[in-house]
Structures are given as structure tokens and as C-alpha cells.
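Novice: For reference, this is run25.txt, and it has compact mmCIF, N, CA and C atoms.
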# COMPACT_ATOMS: atom_id res chain seq x y z
N MET Z 1 135.11 97.72 98.55
CA MET Z 1 134.16 97.95 97.48
C MET Z 1 134.41 99.36 96.93
N ASN Z 2 134.43 99.47 95.61
CA ASN Z 2 134.67 100.79 95.04
C ASN Z 2 133.36 101.59 94.95
N ASN Z 3 133.51 102.87 94.66
CA ASN Z 3 132.35 103.76 94.65
C ASN Z 3 131.33 103.41 93.57
N THR Z 4 131.80 102.90 92.44
CA THR Z 4 130.89 102.52 91.36
C THR Z 4 129.96 101.40 91.81
N ARG Z 5 130.51 100.37 92.41
CA ARG Z 5 129.68 99.26 92.89
C ARG Z 5 128.80 99.69 94.06
N ARG Z 6 129.35 100.53 94.92
CA ARG Z 6 128.56 101.05 96.05
C ARG Z 6 127.35 101.83 95.52
N LYS Z 7 127.56 102.65 94.49
CA LYS Z 7 126.46 103.42 93.88
C LYS Z 7 125.45 102.48 93.24
N GLU Z 8 125.91 101.44 92.58
CA GLU Z 8 125.01 100.47 91.94
C GLU Z 8 124.14 99.78 93.00
N ILE Z 9 124.75 99.42 94.11
CA ILE Z 9 123.99 98.79 95.20
C ILE Z 9 122.96 99.78 95.75
N GLN Z 10 123.34 101.04 95.87
CA GLN Z 10 122.39 102.05 96.36
C GLN Z 10 121.21 102.19 95.39
N ASP Z 11 121.49 102.14 94.09
CA ASP Z 11 120.41 102.19 93.10
C ASP Z 11 119.47 100.99 93.26
N VAL Z 12 120.05 99.82 93.47
CA VAL Z 12 119.25 98.62 93.68
C VAL Z 12 118.41 98.77 94.95
N LEU Z 13 119.01 99.29 96.01
CA LEU Z 13 118.27 99.50 97.26
C LEU Z 13 117.10 100.45 97.06
N ASN Z 14 117.30 101.48 96.26
CA ASN Z 14 116.20 102.42 95.98
C ASN Z 14 115.07 101.73 95.23
N GLU Z 15 115.42 100.94 94.23
CA GLU Z 15 114.41 100.19 93.48
C GLU Z 15 113.71 99.19 94.39
N LEU Z 16 114.48 98.54 95.23
CA LEU Z 16 113.93 97.57 96.17
C LEU Z 16 112.94 98.24 97.11
N ALA Z 17 113.26 99.43 97.58
CA ALA Z 17 112.36 100.16 98.48
C ALA Z 17 111.05 100.49 97.77
N ASP Z 18 111.13 100.87 96.51
CA ASP Z 18 109.92 101.16 95.75
C ASP Z 18 109.06 99.90 95.60
N LEU Z 19 109.69 98.80 95.25
CA LEU Z 19 108.96 97.54 95.11
C LEU Z 19 108.37 97.09 96.44
N ARG Z 20 109.14 97.25 97.51
CA ARG Z 20 108.64 96.85 98.82
C ARG Z 20 107.41 97.66 99.20
N SER Z 21 107.43 98.93 98.86
CA SER Z 21 106.29 99.79 99.15
C SER Z 21 105.04 99.31 98.41
N ARG Z 22 105.20 98.92 97.16
CA ARG Z 22 104.06 98.40 96.38
C ARG Z 22 103.54 97.11 96.98
N VAL Z 23 104.46 96.22 97.38
CA VAL Z 23 104.05 94.95 97.97
C VAL Z 23 103.39 95.19 99.33
N ASP Z 24 103.89 96.16 100.08
CA ASP Z 24 103.28 96.50 101.36
C ASP Z 24 101.83 96.97 101.18
N THR Z 25 101.60 97.76 100.15
CA THR Z 25 100.24 98.20 99.85
C THR Z 25 99.35 97.01 99.52
N LEU Z 26 99.85 96.10 98.71
CA LEU Z 26 99.09 94.90 98.37
C LEU Z 26 98.80 94.07 99.62
N HIS Z 27 99.78 93.97 100.49
CA HIS Z 27 99.60 93.21 101.73
C HIS Z 27 98.48 93.83 102.56
N GLY Z 28 98.51 95.14 102.69
CA GLY Z 28 97.46 95.81 103.46
C GLY Z 28 96.09 95.60 102.86
N GLU Z 29 96.00 95.67 101.55
CA GLU Z 29 94.71 95.46 100.88
C GLU Z 29 94.22 94.03 101.07
N GLU Z 30 95.13 93.08 100.94
CA GLU Z 30 94.73 91.67 101.09
C GLU Z 30 94.32 91.37 102.53
N GLN Z 31 95.07 91.91 103.48
CA GLN Z 31 94.75 91.70 104.89
C GLN Z 31 93.41 92.35 105.23
N GLU Z 32 93.18 93.54 104.70
CA GLU Z 32 91.92 94.23 104.95
C GLU Z 32 90.74 93.46 104.35
N ALA Z 33 90.93 92.91 103.16
CA ALA Z 33 89.87 92.12 102.54
C ALA Z 33 89.52 90.92 103.40
N TYR Z 34 90.53 90.26 103.92
CA TYR Z 34 90.29 89.11 104.80
C TYR Z 34 89.60 89.55 106.09
N ASP Z 35 90.12 90.62 106.71
CA ASP Z 35 89.57 91.09 107.97
C ASP Z 35 88.11 91.53 107.85
N ASN Z 36 87.74 92.01 106.67
CA ASN Z 36 86.37 92.49 106.47
C ASN Z 36 85.39 91.38 106.08
N MET Z 37 85.89 90.17 105.90
CA MET Z 37 85.00 89.04 105.60
C MET Z 37 84.23 88.66 106.86
N PRO Z 38 82.99 88.26 106.70
CA PRO Z 38 82.29 87.71 107.86
C PRO Z 38 83.05 86.49 108.39
N GLU Z 39 82.95 86.26 109.68
CA GLU Z 39 83.69 85.16 110.29
C GLU Z 39 83.38 83.82 109.62
N SER Z 40 82.12 83.63 109.26
CA SER Z 40 81.76 82.36 108.61
C SER Z 40 82.48 82.19 107.27
N LEU Z 41 82.70 83.30 106.56
CA LEU Z 41 83.41 83.23 105.29
C LEU Z 41 84.92 83.06 105.52
N GLN Z 42 85.44 83.65 106.62
CA GLN Z 42 86.86 83.47 106.93
C GLN Z 42 87.19 82.01 107.16
N GLN Z 43 86.24 81.26 107.68
CA GLN Z 43 86.47 79.84 107.96
C GLN Z 43 86.31 78.96 106.73
N SER Z 44 85.82 79.53 105.64
CA SER Z 44 85.60 78.76 104.42
C SER Z 44 86.91 78.60 103.65
N GLU Z 45 86.85 77.82 102.60
CA GLU Z 45 88.03 77.62 101.74
C GLU Z 45 88.48 78.95 101.13
N ARG Z 46 87.51 79.76 100.74
CA ARG Z 46 87.83 81.06 100.16
C ARG Z 46 88.52 81.95 101.21
N GLY Z 47 88.02 81.95 102.41
CA GLY Z 47 88.63 82.73 103.48
C GLY Z 47 90.03 82.27 103.80
N GLN Z 48 90.21 80.96 103.84
CA GLN Z 48 91.55 80.42 104.11
C GLN Z 48 92.52 80.78 103.00
N ALA Z 49 92.03 80.80 101.76
CA ALA Z 49 92.89 81.19 100.64
C ALA Z 49 93.30 82.65 100.76
N ALA Z 50 92.37 83.50 101.18
CA ALA Z 50 92.68 84.92 101.37
C ALA Z 50 93.69 85.10 102.49
N GLU Z 51 93.51 84.36 103.58
CA GLU Z 51 94.45 84.44 104.70
C GLU Z 51 95.83 83.96 104.27
N ASN Z 52 95.89 82.89 103.50
CA ASN Z 52 97.17 82.38 103.01
C ASN Z 52 97.84 83.38 102.08
N ALA Z 53 97.04 84.05 101.25
CA ALA Z 53 97.59 85.06 100.34
C ALA Z 53 98.20 86.21 101.14
N ALA Z 54 97.48 86.69 102.14
CA ALA Z 54 98.00 87.78 102.97
C ALA Z 54 99.27 87.35 103.69
N SER Z 55 99.29 86.14 104.18
CA SER Z 55 100.47 85.63 104.86
C SER Z 55 101.66 85.52 103.90
N GLY Z 56 101.40 85.03 102.70
CA GLY Z 56 102.47 84.90 101.71
C GLY Z 56 103.06 86.25 101.32
N VAL Z 57 102.19 87.25 101.17
CA VAL Z 57 102.68 88.58 100.83
C VAL Z 57 103.46 89.16 102.02
N GLY Z 58 103.00 88.86 103.23
CA GLY Z 58 103.75 89.28 104.42
C GLY Z 58 105.13 88.66 104.47
N ASN Z 59 105.21 87.40 104.08
CA ASN Z 59 106.52 86.73 104.02
C ASN Z 59 107.42 87.39 102.99
N ALA Z 60 106.83 87.83 101.88
CA ALA Z 60 107.61 88.51 100.86
C ALA Z 60 108.19 89.81 101.41
N LEU Z 61 107.41 90.52 102.24
CA LEU Z 61 107.92 91.74 102.86
C LEU Z 61 109.14 91.45 103.73
N SER Z 62 109.08 90.36 104.46
CA SER Z 62 110.23 89.96 105.28
C SER Z 62 111.45 89.67 104.41
N ALA Z 63 111.21 89.06 103.26
CA ALA Z 63 112.31 88.77 102.35
C ALA Z 63 112.92 90.05 101.80
N PHE Z 64 112.08 91.03 101.45
CA PHE Z 64 112.59 92.33 101.01
C PHE Z 64 113.49 92.93 102.08
N ASP Z 65 113.04 92.87 103.32
CA ASP Z 65 113.83 93.44 104.43
C ASP Z 65 115.17 92.73 104.58
N ALA Z 66 115.17 91.42 104.42
CA ALA Z 66 116.41 90.65 104.54
C ALA Z 66 117.39 91.02 103.42
N VAL Z 67 116.88 91.15 102.21
CA VAL Z 67 117.74 91.52 101.08
C VAL Z 67 118.33 92.91 101.31
N ALA Z 68 117.49 93.85 101.71
CA ALA Z 68 117.97 95.22 101.95
C ALA Z 68 119.03 95.24 103.05
N SER Z 69 118.80 94.48 104.10
CA SER Z 69 119.76 94.41 105.19
C SER Z 69 121.11 93.86 104.70
N SER Z 70 121.06 92.82 103.92
CA SER Z 70 122.29 92.22 103.40
C SER Z 70 123.04 93.18 102.49
N LEU Z 71 122.30 93.88 101.62
CA LEU Z 71 122.96 94.83 100.73
C LEU Z 71 123.56 96.01 101.50
N ASN Z 72 122.84 96.48 102.52
CA ASN Z 72 123.38 97.56 103.35
C ASN Z 72 124.63 97.12 104.07
N ALA Z 73 124.65 95.88 104.56
CA ALA Z 73 125.84 95.36 105.24
C ALA Z 73 127.02 95.26 104.28
N ALA Z 74 126.72 94.94 103.02
CA ALA Z 74 127.80 94.79 102.04
C ALA Z 74 128.48 96.11 101.73
N THR Z 75 127.76 97.20 101.90
CA THR Z 75 128.34 98.51 101.58
C THR Z 75 128.94 99.22 102.79
N ALA Z 76 128.80 98.59 103.95
CA ALA Z 76 129.31 99.24 105.18
C ALA Z 76 130.82 99.21 105.25
Would you encode the structure as C-alpha cells?
Specialist:
Amino acid sequence: MNNTRRKEIQDVLNELADLRSRVDTLHGEEQEAYDNMPESLQQSERGQAAENAASGVGNALSAFDAVASSLNAATA
């Protein structure tokens, strides 16, 4: 891989890190909202939707990590 493409991948990794940070913040907020619900509300449809949203955002974080790992491996 030449230096130009390596630099481009590094730029993408930097942007990816910024996006991951934003998604991580959203994940924390969503998880906190669910955790602060009364238990009776957590068991409701609304609570389950909040839990599913937090889980989905958590899955997105894992995907960000996988992409970053793959890009880092490509430049090694």
C-alpha cells in the first residue's frame, strides 16, 4: 500500500473514531434512560423498545470496532 492510500485510510479512521464517539454517547444516554425507568415500565412495550434501541446502538459500536480493526490491519 502506498503512502497516499495509507494516509486516506488514516483520515477515514479518524472520522470513524469521531462518529464512534458520538454513537457511544447516544448509547450511554439510551441505556441510562432505560436503566432509570421503573421496573414496571421496563417490562412494558415502551421499555422493551428502549432496551432494543440501546442494544441496537451497542451493536453499532461493535460494528465500528470491527471496521476500524479491519482498516488498521490493511495498513499494517
Novice: Any idea what the distance is between atom N of Pro38 in chain Z and atom N of Ala54 in chain Z?
Specialist: 15.3 Å
Novice: Report the distance between atom N of Gly56 in chain Z and CA of His27 in chain Z in Å, rounded to one decimal place.
Specialist: 8.4 Å
Novice: Write out as a list of chain:residue names which residues come within 8 Å of Val23 in chain Z when counting only C-alpha atoms, dropping same-chain ones fewer than 6 positions away.
Specialist: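 Skipping anything fewer than 6 positions along the chain leaves Z:Val57, Z:Ala60, Z:Leu61.
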Novice: Nearest residue to Leu71 in chain Z out of Z:Glu8, Z:Leu13, Z:Gly28, Z:Met1, using only C-alpha atoms?
Specialist: Z:Leu13
Novice: For the atom pair CA of Gln31 in chain Z and CA of Ala50 in chain Z, what is the interatomic distance in Å to one decimal place?
Specialist: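 Separating CA of Gln31 in chain Z from CA of Ala50 in chain Z is a distance of 7.9 Å.
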